Structure formats: structure tokens, C-alpha cells
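Next comes model.cif, a file with mmCIF, C-alpha atoms.
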data_data
loop_
_atom_site.label_atom_id
_atom_site.label_comp_id
_atom_site.auth_asym_id
_atom_site.auth_seq_id
_atom_site.Cartn_x
_atom_site.Cartn_y
_atom_site.Cartn_z
CA MET A 26 110.20 120.90 112.78
CA GLU A 27 109.26 120.51 109.14
CA ASP A 28 109.89 117.30 107.22
CA PRO A 29 109.58 117.62 103.42
CA ARG A 30 108.65 113.92 103.24
CA VAL A 31 105.38 114.58 105.11
CA LEU A 32 102.89 115.31 102.34
CA ILE A 33 99.81 115.37 104.59
CA GLY A 34 100.42 115.64 108.32
CA ALA A 35 98.82 116.61 111.62
CA LYS A 36 98.81 120.32 110.82
CA ASP A 37 96.58 119.62 107.80
CA ALA A 38 93.68 118.51 110.05
CA ASP A 39 92.88 115.59 107.75
CA ASP A 40 91.75 112.01 108.38
CA VAL A 41 94.67 110.65 106.37
CA GLY A 42 98.42 111.12 106.67
CA VAL A 43 100.78 110.67 103.75
CA TYR A 44 104.54 110.17 104.08
CA LEU A 45 106.89 110.06 101.09
CA LEU A 46 109.16 107.00 101.29
CA ASP A 47 111.06 107.62 98.05
CA GLU A 48 110.48 109.37 94.73
CA GLN A 49 107.89 106.81 93.61
CA THR A 50 106.42 105.47 96.85
CA ALA A 51 104.30 107.11 99.52
CA LEU A 52 102.71 105.62 102.62
CA ALA A 53 99.11 106.64 103.33
CA PHE A 54 97.70 105.87 106.76
CA THR A 55 94.68 106.62 108.89
CA THR A 56 93.52 105.92 112.43
CA ASP A 57 90.04 105.97 113.86
CA PHE A 58 88.51 105.37 117.26
CA PHE A 59 84.90 104.66 118.05
CA THR A 60 82.96 102.51 120.48
CA PRO A 61 81.67 99.14 119.27
CA VAL A 62 78.23 99.26 117.69
CA VAL A 63 77.79 95.46 117.60
CA ASP A 64 78.65 92.62 119.99
CA ASP A 65 80.31 90.39 117.38
CA PRO A 66 84.09 91.07 117.17
CA TYR A 67 84.27 89.88 113.55
CA ALA A 68 81.43 92.17 112.45
CA PHE A 69 82.97 95.06 114.39
CA GLY A 70 86.27 94.42 112.60
CA GLN A 71 84.49 94.62 109.25
CA ILE A 72 82.87 97.91 110.27
CA ALA A 73 86.19 99.32 111.50
CA VAL A 74 87.99 98.37 108.28
CA ALA A 75 85.24 99.87 106.13
CA ASN A 76 85.45 103.08 108.16
CA ALA A 77 89.24 103.33 107.83
CA LEU A 78 89.25 102.44 104.13
CA SER A 79 86.61 105.06 103.39
CA ASP A 80 89.02 107.74 104.66
CA LEU A 81 91.73 106.47 102.31
CA TYR A 82 89.31 106.11 99.40
CA ALA A 83 88.16 109.70 99.85
CA LYS A 84 91.72 110.89 99.23
CA GLY A 85 91.70 109.25 95.80
#

Take the structure I supplied and represent it as C-alpha cells, if you would.
Amino acid sequence: MEDPRVLIGAKDADDVGVYLLDEQTALAFTTDFFTPVVDDPYAFGQIAVANALSDLYAKG
């Protein structure tokens, strides 16, 4: 099933998905999974956010 509102989807094999909400607004999203590299939950949260944001930043 094709949805014209999906600008970047699973078939694109990309780190980021983009869904068109209306003519002027699109939703960009990303998910990542990796094992913790530090014991501090706050520090791990910072690392996880930086990792996810880097995927979005790379899309421009």
C-alpha cells in the first residue's frame, strides 16, 4: 500500500522517516536502539538524544 503522504518511509532504508501532515507541515522522526554505554541514566539520556538528533540533523 502506497501513501503519498509518506515522503521518506521504511522502503527508503533511511534513519529518518518523514510524513506529510498538510501542505506546509511535515513530521520527521527517528528511532534508535543501542545498549547503555554509561551507568548514569541522565548521561545515557543525553547520549541517546544526541544520537537521535544527529540523524535528523543529517537530513537537513

Which of A:Thr60, A:Val41, A:Lys36, A:Gln49 sits closest to Ser79 (chain A) [using all atoms listed in the file]: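 The closest residue to Ser79 (chain A) is A:Val41.
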
Quick check, in Å to one decimal: how far apart do CA of Leu32 (chain A) and CA of Ile72 (chain A) lie?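 Between CA of Leu32 (chain A) and CA of Ile72 (chain A) the gap works out to 27.7 Å.
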
Point-to-point distance in Å for CA of Gln71 (chain A) and CA of Ala53 (chain A): 19.8 Å

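Comparing A:Asp80, A:Tyr44, A:Val31, A:Phe69 by their smallest distance to Thr56 (chain A), the closest is A:Asp80 (using all atoms listed in the file).
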
Ground truth for the PyMOL selection byres ((chain A and resi 45) around 12), written as a list in words: Asp28, Pro29, Arg30, Val31, Leu32, Ile33, Gly34, Gly42, Val43, Tyr44, Leu46, Asp47, Glu48, Gln49, Thr50, Ala51, Leu52, Ala53 and Phe54 of chain A

CA of Tyr67 (chain A) sits from CA of Thr55 (chain A) at a separation of 20.3 Å
